[in-house]
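Below is start_20.txt, holding compact mmCIF, C-alpha atoms and all ligand atoms.
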# COMPACT_ATOMS: atom_id res chain seq x y z
CA MET P 1 91.04 112.26 64.41
CA THR P 2 92.13 111.78 68.04
CA GLN P 3 93.25 108.21 67.53
CA ASP P 4 95.46 109.42 64.66
CA LEU P 5 97.27 111.51 67.25
CA THR P 6 97.57 108.93 70.01
CA ALA P 7 97.99 105.55 68.29
CA GLY P 8 101.65 104.52 68.41
CA SER P 9 102.61 107.80 70.10
CA HIS P 10 105.79 108.03 72.18
CA TYR P 11 104.04 110.02 74.87
CA TRP P 12 104.08 107.99 78.15
CA MET P 13 101.11 108.95 80.34
CA PRO P 14 101.12 109.03 84.15
CA PHE P 15 98.76 106.73 86.12
CA THR P 16 97.04 105.59 82.91
CA PRO P 17 96.74 102.30 81.05
CA ASN P 18 98.65 103.76 78.09
CA ARG P 19 97.88 101.02 75.59
CA ASP P 20 94.16 101.19 76.21
CA PHE P 21 94.25 104.98 76.06
CA GLN P 22 95.89 104.88 72.65
CA LEU P 23 92.92 102.89 71.38
CA HIS P 24 90.28 104.88 73.29
CA PRO P 25 91.74 108.37 73.66
CA LYS P 26 90.07 111.05 75.75
CA LEU P 27 91.54 114.29 74.50
CA VAL P 28 90.65 117.62 76.03
CA ILE P 29 91.27 120.78 74.05
CA GLY P 30 89.73 123.53 76.15
CA ALA P 31 88.22 124.48 79.50
CA LYS P 32 85.99 127.29 80.71
CA ASP P 33 84.30 127.59 84.10
CA GLN P 34 82.65 124.26 85.01
CA TYR P 35 83.25 122.50 81.69
CA TYR P 36 86.00 120.94 79.62
CA THR P 37 85.73 120.70 75.84
CA ASP P 38 86.83 117.46 74.23
CA ALA P 39 88.37 116.96 70.80
CA ALA P 40 84.92 116.46 69.27
CA GLY P 41 83.81 119.82 70.66
CA ARG P 42 81.55 118.27 73.34
CA ARG P 43 81.18 119.89 76.77
CA ILE P 44 82.34 117.68 79.64
CA LEU P 45 81.22 118.67 83.15
CA ASP P 46 84.21 118.81 85.52
CA GLY P 47 83.02 116.91 88.58
CA LEU P 48 86.54 116.49 89.93
CA SER P 49 87.70 120.13 89.85
CA GLY P 50 90.38 119.04 87.39
CA LEU P 51 92.23 116.78 89.82
CA TYR P 52 91.00 118.49 93.03
CA THR P 53 92.95 121.46 91.70
CA SER P 54 90.46 123.97 90.34
CA PRO P 55 87.69 124.85 92.81
CA ALA P 56 87.10 128.25 91.14
CA GLY P 57 86.58 126.72 87.70
CA HIS P 58 88.67 126.93 84.57
CA GLY P 59 89.98 129.72 82.41
CA ARG P 60 89.93 132.42 85.08
CA GLU P 61 91.00 135.61 83.32
CA SER P 62 92.47 137.27 86.41
CA ILE P 63 94.87 134.37 86.95
CA ALA P 64 95.88 134.37 83.27
CA ASP P 65 96.49 138.13 83.45
CA ALA P 66 98.54 137.89 86.64
CA VAL P 67 100.68 135.11 85.16
CA SER P 68 101.22 136.99 81.93
CA ARG P 69 102.15 140.21 83.80
CA GLN P 70 104.56 138.34 86.04
CA LEU P 71 106.25 136.62 83.09
CA ARG P 72 106.98 140.04 81.63
CA GLU P 73 108.06 141.64 84.92
CA LEU P 74 110.17 138.88 86.48
CA ASP P 75 109.98 135.49 84.79
CA PHE P 76 112.41 133.69 87.07
CA VAL P 77 114.78 134.20 89.93
CA PRO P 78 116.15 131.32 91.98
CA GLY P 79 114.69 130.72 95.40
CA PHE P 80 118.22 129.98 96.62
CA LEU P 81 120.01 133.08 97.95
CA ARG P 82 117.47 135.37 96.22
CA ALA P 83 113.85 136.31 96.81
CA HIS P 84 111.15 138.45 95.24
CA PRO P 85 108.35 140.49 96.84
CA LYS P 86 105.45 138.25 95.79
CA VAL P 87 106.67 135.30 97.84
CA TYR P 88 106.45 137.43 101.00
CA GLU P 89 102.97 138.64 100.11
CA LEU P 90 101.89 135.08 99.39
CA THR P 91 103.28 133.80 102.69
CA GLN P 92 101.52 136.53 104.60
CA ARG P 93 98.18 135.71 102.96
CA LEU P 94 98.63 131.95 103.15
CA THR P 95 99.52 131.97 106.83
CA ALA P 96 96.53 134.24 107.51
CA MET P 97 94.32 131.53 105.96
CA LEU P 98 95.97 128.64 107.86
CA PRO P 99 95.32 127.68 111.50
CA ALA P 100 97.04 130.35 113.61
CA ALA P 101 99.80 128.04 114.84
CA LEU P 102 101.05 127.28 111.33
CA ASN P 103 102.89 130.43 110.41
CA HIS P 104 105.89 129.50 108.28
CA ALA P 105 105.77 128.25 104.69
CA PHE P 106 108.35 126.44 102.55
CA TYR P 107 107.44 126.27 98.83
CA VAL P 108 107.81 123.33 96.49
CA ASN P 109 106.14 122.30 93.25
CA SER P 110 103.93 119.29 93.84
CA GLY P 111 102.16 117.43 96.59
CA SER P 112 104.75 114.66 96.35
CA GLU P 113 107.57 117.12 96.91
CA ALA P 114 105.65 118.66 99.81
CA ILE P 115 105.40 115.24 101.46
CA ASP P 116 109.06 114.36 101.09
CA THR P 117 109.97 117.87 102.26
CA ALA P 118 107.74 117.44 105.32
CA MET P 119 109.42 114.12 106.13
CA LYS P 120 112.84 115.77 105.97
CA LEU P 121 111.64 118.69 108.12
CA CYS P 122 110.41 116.26 110.77
CA LEU P 123 113.74 114.42 110.81
CA ALA P 124 115.67 117.70 110.89
CA TYR P 125 113.54 119.00 113.78
CA HIS P 126 114.09 115.96 115.98
CA ARG P 127 117.83 115.91 115.23
CA ALA P 128 118.05 119.64 116.03
CA ARG P 129 116.47 119.05 119.44
CA GLY P 130 118.80 116.16 120.22
CA GLU P 131 116.45 113.26 119.41
CA ALA P 132 118.10 111.96 116.27
CA SER P 133 116.82 108.45 117.02
CA ARG P 134 113.35 109.52 115.87
CA THR P 135 113.58 108.26 112.29
CA LEU P 136 110.47 106.09 111.91
CA PHE P 137 107.22 107.33 110.41
CA VAL P 138 103.65 106.22 110.94
CA SER P 139 100.91 106.53 108.35
CA ARG P 140 97.80 104.59 107.41
CA GLU P 141 96.58 101.87 105.11
CA ARG P 142 94.82 103.24 102.00
CA ALA P 143 96.69 106.56 102.33
CA TYR P 144 97.93 108.43 99.28
CA HIS P 145 100.84 110.78 99.84
CA GLY P 146 102.20 111.17 96.32
CA VAL P 147 104.73 109.22 94.35
CA ASN P 148 108.21 110.15 95.52
CA LEU P 149 109.95 107.46 97.52
CA GLY P 150 109.04 109.03 100.88
CA GLY P 151 105.43 109.42 99.86
CA ILE P 152 105.27 105.90 98.46
CA ALA P 153 106.64 104.58 101.75
CA LEU P 154 103.93 106.49 103.64
CA GLY P 155 101.28 105.49 101.12
CA GLY P 156 98.92 102.65 101.82
CA LEU P 157 97.68 101.74 98.34
CA ALA P 158 99.26 98.39 97.55
CA GLY P 159 99.50 98.84 93.79
CA ASN P 160 101.60 101.97 94.20
CA ARG P 161 104.09 100.37 96.60
CA ARG P 162 104.79 96.81 95.59
CA VAL P 163 107.41 97.40 92.91
CA TYR P 164 109.48 99.62 95.20
CA THR P 165 109.21 97.85 98.57
CA GLY P 166 112.93 97.26 99.12
CA ALA P 167 113.83 100.91 98.46
CA LEU P 168 111.49 102.56 100.94
CA PRO P 169 112.16 104.33 104.27
CA HIS P 170 110.80 102.78 107.46
CA VAL P 171 107.09 103.42 107.82
CA PHE P 172 104.49 101.57 109.88
CA HIS P 173 100.86 101.69 108.92
CA MET P 174 97.82 102.10 111.12
CA ARG P 175 94.66 100.38 109.92
CA HIS P 176 92.34 102.32 107.63
CA THR P 177 88.93 103.45 108.85
CA ALA P 178 86.66 101.93 106.16
CA LEU P 179 84.63 99.76 108.52
CA PRO P 180 81.69 97.72 107.15
CA GLU P 181 79.41 99.17 109.86
CA ASN P 182 80.09 102.65 108.46
CA ARG P 183 78.81 101.87 104.96
CA PHE P 184 76.40 104.44 103.50
CA THR P 185 77.06 106.90 106.33
CA PRO P 186 76.88 110.53 105.25
CA GLY P 187 79.55 112.76 106.80
CA GLN P 188 81.81 111.54 109.58
CA PRO P 189 81.24 107.89 110.49
CA LYS P 190 80.31 107.08 114.08
CA HIS P 191 82.50 103.99 114.39
CA GLY P 192 86.27 103.79 114.35
CA ALA P 193 87.73 106.50 116.60
CA GLU P 194 89.47 103.69 118.51
CA LEU P 195 91.50 102.87 115.37
CA ALA P 196 93.63 105.90 116.26
CA ASP P 197 94.95 103.77 119.10
CA ASP P 198 96.90 101.84 116.46
CA LEU P 199 99.36 104.70 116.83
CA LEU P 200 99.65 103.90 120.53
CA ARG P 201 100.34 100.24 119.73
CA LEU P 202 103.13 101.30 117.37
CA VAL P 203 104.53 103.53 120.13
CA GLN P 204 104.50 100.57 122.50
CA LEU P 205 106.15 98.32 119.93
CA HIS P 206 108.82 100.63 118.47
CA GLY P 207 109.25 103.20 121.26
CA ALA P 208 108.17 106.83 120.97
CA GLU P 209 111.86 107.77 121.06
CA ASN P 210 112.17 106.24 117.58
CA ILE P 211 109.09 107.77 115.93
CA ALA P 212 109.40 111.10 114.13
CA ALA P 213 105.91 111.79 112.85
CA CYS P 214 102.48 110.51 112.02
CA PHE P 215 101.16 111.46 108.56
CA VAL P 216 97.45 111.39 107.72
CA GLU P 217 95.10 112.86 105.20
CA PRO P 218 92.30 114.33 107.37
CA ILE P 219 89.94 112.86 104.75
CA ALA P 220 91.66 110.11 102.80
CA GLY P 221 90.93 111.31 99.26
CA SER P 222 92.48 109.30 96.47
CA THR P 223 91.45 105.97 97.94
CA GLY P 224 87.81 106.89 97.42
CA VAL P 225 87.07 109.47 100.15
CA LEU P 226 87.13 108.19 103.73
CA PRO P 227 86.02 110.90 106.16
CA PRO P 228 87.56 110.49 109.63
CA PRO P 229 85.38 108.80 112.26
CA VAL P 230 84.09 111.21 114.91
CA GLY P 231 86.88 111.75 117.46
CA TYR P 232 89.57 109.98 115.40
CA LEU P 233 91.72 113.00 114.54
CA ASP P 234 91.42 114.39 118.10
CA ARG P 235 92.70 111.07 119.43
CA LEU P 236 95.66 111.06 117.04
CA ARG P 237 96.48 114.59 118.19
CA GLU P 238 96.40 113.52 121.85
CA ILE P 239 98.67 110.54 121.29
CA CYS P 240 101.15 112.56 119.21
CA THR P 241 101.32 115.30 121.85
CA ALA P 242 101.76 112.81 124.67
CA HIS P 243 104.66 111.08 122.91
CA GLY P 244 106.52 113.93 121.21
CA ILE P 245 105.49 112.71 117.75
CA LEU P 246 104.81 115.36 115.11
CA LEU P 247 101.33 115.25 113.60
CA VAL P 248 101.33 115.98 109.87
CA PHE P 249 98.12 116.66 107.98
CA ASP P 250 98.37 116.08 104.27
CA GLU P 251 95.84 118.61 102.99
CA VAL P 252 96.83 118.36 99.35
CA ILE P 253 93.20 117.48 98.51
CA CYS P 254 91.40 118.77 101.62
CA GLY P 255 92.82 122.29 101.51
CA PHE P 256 91.38 125.49 100.06
CA GLY P 257 87.71 125.11 100.87
CA ARG P 258 87.15 121.48 99.93
CA THR P 259 85.79 120.66 103.40
CA GLY P 260 83.89 123.90 104.01
CA LYS P 261 86.56 125.87 105.85
CA ALA P 262 89.88 126.87 104.29
CA PHE P 263 91.54 123.72 105.66
CA ALA P 264 90.29 120.47 107.13
CA ALA P 265 92.28 121.23 110.29
CA GLN P 266 89.79 124.07 110.87
CA THR P 267 86.77 122.03 109.81
CA PHE P 268 87.62 119.26 112.27
CA GLY P 269 89.10 121.52 114.95
CA VAL P 270 92.42 119.66 115.17
CA THR P 271 95.70 121.47 114.56
CA PRO P 272 98.68 119.54 113.22
CA ASP P 273 102.33 120.54 113.65
CA VAL P 274 102.98 120.37 109.92
CA MET P 275 100.65 120.68 106.94
CA THR P 276 101.24 119.87 103.27
CA LEU P 277 99.32 121.84 100.63
CA ALA P 278 99.26 121.79 96.85
CA LYS P 279 96.74 121.51 94.00
CA ALA P 280 94.24 124.35 94.59
CA ILE P 281 96.92 126.76 95.82
CA THR P 282 96.96 128.22 92.26
CA ASN P 283 93.48 126.98 91.31
CA GLY P 284 95.41 124.44 89.23
CA ALA P 285 96.81 127.05 86.87
CA LEU P 286 100.47 126.33 87.63
CA PRO P 287 102.32 123.71 89.68
CA MET P 288 102.93 124.83 93.23
CA ALA P 289 102.83 123.35 96.72
CA ALA P 290 103.88 124.24 100.23
CA VAL P 291 104.74 122.86 103.63
CA ALA P 292 103.53 124.89 106.59
CA VAL P 293 105.03 124.47 110.06
CA ASN P 294 104.66 126.03 113.48
CA ASP P 295 107.13 128.31 115.29
CA ARG P 296 108.52 125.47 117.36
CA ILE P 297 109.70 123.50 114.33
CA ARG P 298 111.13 126.44 112.48
CA ASP P 299 112.82 127.97 115.53
CA THR P 300 114.33 124.67 116.62
CA ILE P 301 115.83 124.02 113.20
CA PHE P 302 117.03 127.62 112.85
CA GLN P 303 118.60 127.75 116.29
CA ALA P 304 120.52 124.51 115.78
CA ALA P 305 122.39 125.95 112.80
CA PRO P 306 125.49 128.11 113.33
CA ASP P 307 125.19 131.81 112.44
CA GLY P 308 125.40 132.36 108.70
CA ALA P 309 124.85 128.68 107.89
CA ILE P 310 122.05 127.18 105.79
CA GLU P 311 119.49 125.93 108.31
CA PHE P 312 117.77 123.32 106.08
CA TYR P 313 119.70 121.74 103.23
CA HIS P 314 116.76 121.39 100.89
CA GLY P 315 115.05 123.16 98.00
CA TYR P 316 114.11 122.83 94.34
CA THR P 317 115.05 124.94 91.32
CA TRP P 318 111.39 125.91 91.01
CA SER P 319 110.78 126.55 94.75
CA SER P 320 108.97 129.90 95.24
CA HIS P 321 108.80 130.48 91.45
CA PRO P 322 107.61 134.09 90.92
CA VAL P 323 105.07 133.17 88.25
CA CYS P 324 103.54 130.46 90.45
CA CYS P 325 103.39 132.95 93.34
CA ALA P 326 101.56 135.41 91.07
CA ALA P 327 99.10 132.67 90.07
CA ALA P 328 98.51 131.76 93.72
CA LEU P 329 97.92 135.39 94.72
CA ALA P 330 95.40 135.80 91.89
CA ALA P 331 93.69 132.56 92.98
CA PHE P 332 93.52 133.85 96.59
CA ASP P 333 91.92 137.07 95.30
CA ILE P 334 89.18 134.95 93.72
CA TYR P 335 88.78 132.78 96.82
CA GLU P 336 88.38 135.84 99.03
CA GLY P 337 86.57 138.12 96.57
CA GLU P 338 83.95 135.50 95.72
CA SER P 339 83.76 134.02 99.26
CA LEU P 340 84.40 130.77 97.44
CA PHE P 341 84.85 128.51 100.45
CA ALA P 342 81.54 129.71 101.92
CA ARG P 343 79.92 129.13 98.53
CA GLY P 344 81.13 125.52 98.52
CA GLU P 345 80.01 125.08 102.11
CA ALA P 346 76.54 126.37 101.17
CA LEU P 347 76.21 123.97 98.23
CA ALA P 348 77.60 120.96 100.11
CA PRO P 349 74.37 119.77 101.82
CA TYR P 350 72.59 119.65 98.45
CA PHE P 351 75.51 117.84 96.81
CA GLN P 352 75.64 115.31 99.67
CA GLN P 353 71.91 114.71 99.54
CA GLN P 354 72.01 114.08 95.78
CA LEU P 355 75.12 111.90 96.04
CA PHE P 356 73.41 109.56 98.51
CA THR P 357 70.43 109.08 96.16
CA LEU P 358 72.74 106.77 94.19
CA ALA P 359 72.79 104.30 97.11
CA ASP P 360 69.81 102.41 95.65
CA LEU P 361 71.70 101.23 92.55
CA PRO P 362 72.58 97.52 92.60
CA VAL P 363 76.21 98.10 91.53
CA VAL P 364 76.83 100.57 94.37
CA THR P 365 78.26 98.92 97.50
CA ASP P 366 79.00 102.06 99.51
CA VAL P 367 78.61 105.83 99.33
CA ARG P 368 80.67 108.22 101.44
CA GLY P 369 80.85 111.95 101.46
CA PHE P 370 81.86 115.03 103.37
CA SER P 371 81.26 118.61 102.27
CA MET P 372 82.38 118.87 98.62
CA LEU P 373 83.95 115.41 98.43
CA GLY P 374 82.24 112.15 97.58
CA GLY P 375 83.17 108.51 97.04
CA ILE P 376 81.20 105.64 95.54
CA ASP P 377 82.32 102.01 95.76
CA LEU P 378 81.28 99.74 92.91
CA LYS P 379 80.84 95.99 92.91
CA PRO P 380 83.95 94.65 91.16
CA SER P 381 83.60 92.94 87.81
CA GLY P 382 86.55 90.95 86.48
CA ALA P 383 90.00 92.08 87.62
CA PRO P 384 90.08 94.50 90.59
CA GLY P 385 89.73 98.05 89.30
CA SER P 386 88.44 97.16 85.86
CA ARG P 387 84.84 98.11 86.70
CA GLY P 388 85.97 101.49 88.04
CA TYR P 389 88.17 102.12 85.02
CA GLU P 390 85.42 101.25 82.52
CA VAL P 391 82.87 103.36 84.41
CA GLN P 392 85.07 106.48 84.36
CA LYS P 393 85.50 106.04 80.59
CA LYS P 394 81.75 105.76 80.08
CA LEU P 395 81.15 108.79 82.29
CA PHE P 396 83.49 110.83 80.11
CA ASP P 397 81.74 109.62 76.98
CA ARG P 398 78.46 110.79 78.54
CA GLY P 399 79.92 114.20 79.37
CA LEU P 400 81.24 113.90 82.94
CA HIS P 401 84.86 114.04 84.13
CA LEU P 402 85.46 111.98 87.29
CA LYS P 403 88.22 109.66 88.44
CA ASN P 404 88.41 106.08 89.66
CA THR P 405 90.85 104.55 92.09
CA GLY P 406 90.35 100.84 91.70
CA ASP P 407 86.60 100.26 91.86
CA ALA P 408 85.89 103.49 93.72
CA ILE P 409 84.77 106.65 91.94
CA THR P 410 85.65 109.99 93.53
CA LEU P 411 83.75 113.24 93.17
CA ALA P 412 85.05 116.71 93.97
CA PRO P 413 82.75 119.23 92.32
CA GLN P 414 84.04 122.71 91.76
CA LEU P 415 82.97 125.10 94.50
CA ILE P 416 81.37 127.26 91.77
CA PHE P 417 78.94 124.49 90.77
CA THR P 418 75.26 125.38 90.68
CA ARG P 419 72.55 123.01 91.90
CA GLU P 420 71.74 122.35 88.24
CA GLN P 421 75.29 121.14 87.66
CA VAL P 422 75.08 118.88 90.70
CA ASP P 423 71.88 117.45 89.18
CA GLU P 424 73.59 117.02 85.80
CA MET P 425 76.48 115.15 87.43
CA ILE P 426 74.24 112.85 89.44
CA ALA P 427 72.01 112.17 86.41
CA VAL P 428 74.98 111.07 84.28
CA LEU P 429 76.25 108.89 87.12
CA ARG P 430 72.82 107.29 87.53
CA THR P 431 72.54 106.54 83.82
CA VAL P 432 75.98 104.96 83.59
CA LEU P 433 75.78 103.03 86.89
CA GLN P 434 72.33 101.72 85.99
CA GLU P 435 73.84 100.15 82.89
CA CYS P 436 76.40 98.16 84.92
CA LYS P 437 75.61 94.45 84.93
CA VAL P 438 75.70 92.93 88.44
C1 LIG E 1 96.74 113.65 99.77
C2 LIG E 1 97.73 113.77 98.65
N1 LIG E 1 99.01 113.95 98.93
C3 LIG E 1 99.93 114.08 97.97
C4 LIG E 1 99.57 114.04 96.65
C5 LIG E 1 100.62 114.16 95.58
O1 LIG E 1 100.49 115.35 94.90
P1 LIG E 1 101.16 115.53 93.46
O2 LIG E 1 100.41 114.66 92.52
O3 LIG E 1 101.01 117.00 93.21
O4 LIG E 1 102.59 115.14 93.60
C6 LIG E 1 98.24 113.86 96.31
C7 LIG E 1 97.81 113.81 94.89
O5 LIG E 1 96.68 113.55 94.57
C8 LIG E 1 97.28 113.70 97.33
O6 LIG E 1 96.00 113.49 97.06

Before we go any further, please render this structure as structure tokens.
Ligand SMILES: Cc1ncc(COP(=O)(O)O)c(C=O)c1O
Amino acid sequence: MTQDLTAGSHYWMPFTPNRDFQLHPKLVIGAKDQYYTDAAGRRILDGLSGLYTSPAGHGRESIADAVSRQLRELDFVPGFLRAHPKVYELTQRLTAMLPAALNHAFYVNSGSEAIDTAMKLCLAYHRARGEASRTLFVSRERAYHGVNLGGIALGGLAGNRRVYTGALPHVFHMRHTALPENRFTPGQPKHGAELADDLLRLVQLHGAENIAACFVEPIAGSTGVLPPPVGYLDRLREICTAHGILLVFDEVICGFGRTGKAFAAQTFGVTPDVMTLAKAITNGALPMAAVAVNDRIRDTIFQAAPDGAIEFYHGYTWSSHPVCCAAALAAFDIYEGESLFARGEALAPYFQQQLFTLADLPVVTDVRGFSMLGGIDLKPSGAPGSRGYEVQKKLFDRGLHLKNTGDAITLAPQLIFTREQVDEMIAVLRTVLQECKV
């Protein structure tokens, strides 16, 4: 039945081998709490929280009700020159959740838009304070910052960049932190804090006066989950502060309880100047994202503009969409009402312990994990990435939704998982990984 729908279809899928998918479709027709339902009516455990989007599980009635009410009350008003009350309420609640210094929010619709918006904010800030020469960006190998041209330039996954190299803004990459001596280390690795000094080398080479900002994911997610070495983020903060470089945390995956606290900045005790957020802001119910900045950035940009002028020439048709704001507010009610982040934090040690039991399998070459995130590297077989791709297909067929990036498998269980669901996830992984020929 499903192949009848997909074979020869004109639908072009994102980040998917389309031709293989048409032959081996994985159609999902429903979702409730911790499970998807596929086209055959089977339950599929959601070990990735959708796509890191849905920590409170699927089909939450209160979000559906809030969205439906909002559609009837005010379905749309532009964010340009107009506003609506819910965006103020959302900003007040979001900034209360963020590190205290980050108290202004600009809304967009995806993580990729948040990243490109953050890049423009950094450039606008330096220009406003009379340092327009700061136009270079620093990021890191193996980073993922979305797919718009700014984010692709910052990104450090080769496959995502190669086709577009000539069209990208100037970005220099620090080395990644996946050191061989850190293999199979639970939590933050001990080795590698000194890799933050790559930023210092770039300052020495290009001149701080030319560098606008340093972008990092506190935990690099998409690449297969690389927690920061102990002291690494603190060192980046020190170097940025010493050289007038803005530190940007991309918390598109890490935000909203994924690392135990609301944001990884709080978990690791390092405050950036700018933060990008997306995904779980609405529990995945509707597209929404945000860029949060501190007073200094907002005030500098505001004060540089003449009275009555637009301060920041930027925005999207869907920025601050009232229905997305309603979805986010309903998601925040769940997060607070169910103490969801604390619930994830309480389950995390058990999840981590079970995750690391997979280290004995011959196909597994590394396991990494922090709080409610996990990554497993698999021994390649054939072309790079083909093992990972085949494994994620088999996992789905056995009733588990996870994702691969190349030959790494990433796990991001919903924060409402029970211990039994952690066991179910690990059991399916063990079965499938045991079947891999090495
Ligand atoms: C860290 C990070 N930044 C940015 C993005 C891009 O977000 P989106 O897919 O919503 O554009 C992602 C997506 O996974 C991400 O993981």

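Reported to one decimal place, the separation of CA of Leu226 (chain P) from CA of Thr177 (chain P) is 7.2 Å.
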
### Task
Compute the set of protein, DNA and RNA residues whose minimum atom distance to ligand LIG 1 (chain E) is at most 8 Å, using only C-alpha atoms and all ligand atoms, and state it as a ChimeraX atom specification.
/P:51-52,109-115,143-148,151,217,220-222,250-254,276,278-279,287,289

Residues of region 279-394 of chain P that approach region 91-104 of chain P to 8 Å or less, counting only C-alpha atoms: could you list each one with the shortest pair of atoms and its distance in Å to one decimal, rows by chain and increasing residue number, as CSV?
residue,atom,partner,partner_atom,distance
P:Ala292,CA,P:His104,CA,5.4
P:Val293,CA,P:Leu102,CA,5.0
P:Asn294,CA,P:Leu102,CA,4.4
P:Asp295,CA,P:Asn103,CA,6.8
P:Arg298,CA,P:His104,CA,7.4

### Query
Hey, can you pull every residue with an atom no more than 9 Å from (103.8, 109.4, 123.7), using only C-alpha atoms, and send it as an MDAnalysis selection string?
chainID P and resid 200 203:204 207:209 238:245

### Message
Residues near Pro413 (chain P), anyone? I mean within 8 Å using only C-alpha atoms, not counting same-chain ones fewer than 3 positions away, as a list in words.
### Response
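Non-adjacent residues within range: Asp46, Gly47, Leu48, Ser49, Pro55, Met372, Leu373, Phe417 and Val422 of chain P.
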
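Counting from CA of Ser320 (chain P), the distance to CA of Thr267 (chain P) is 27.7 Å.
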
#### Entry: Pick from P:Ala285, P:Leu277, P:Leu45, P:Ala262 nearest to Gly399 (chain P), counting all atoms listed in the file
P:Leu45

### Query
Smallest atom-to-atom distance to Val291 (chain P): which of P:Leu154, P:Met119, P:Val138, P:Ala346, using all atoms listed in the file?
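Checking each candidate against Val291 (chain P), we get P:Met119 as the closest.
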
### Message
Using all atoms listed in the file, which protein or nucleic acid residues come within 6 Å of Ile409 (chain P)? Drop anything in the same chain fewer than 4 positions from it, and give the result as a PyMOL selection string.
### Response
chain P and resi 375-376+403-404
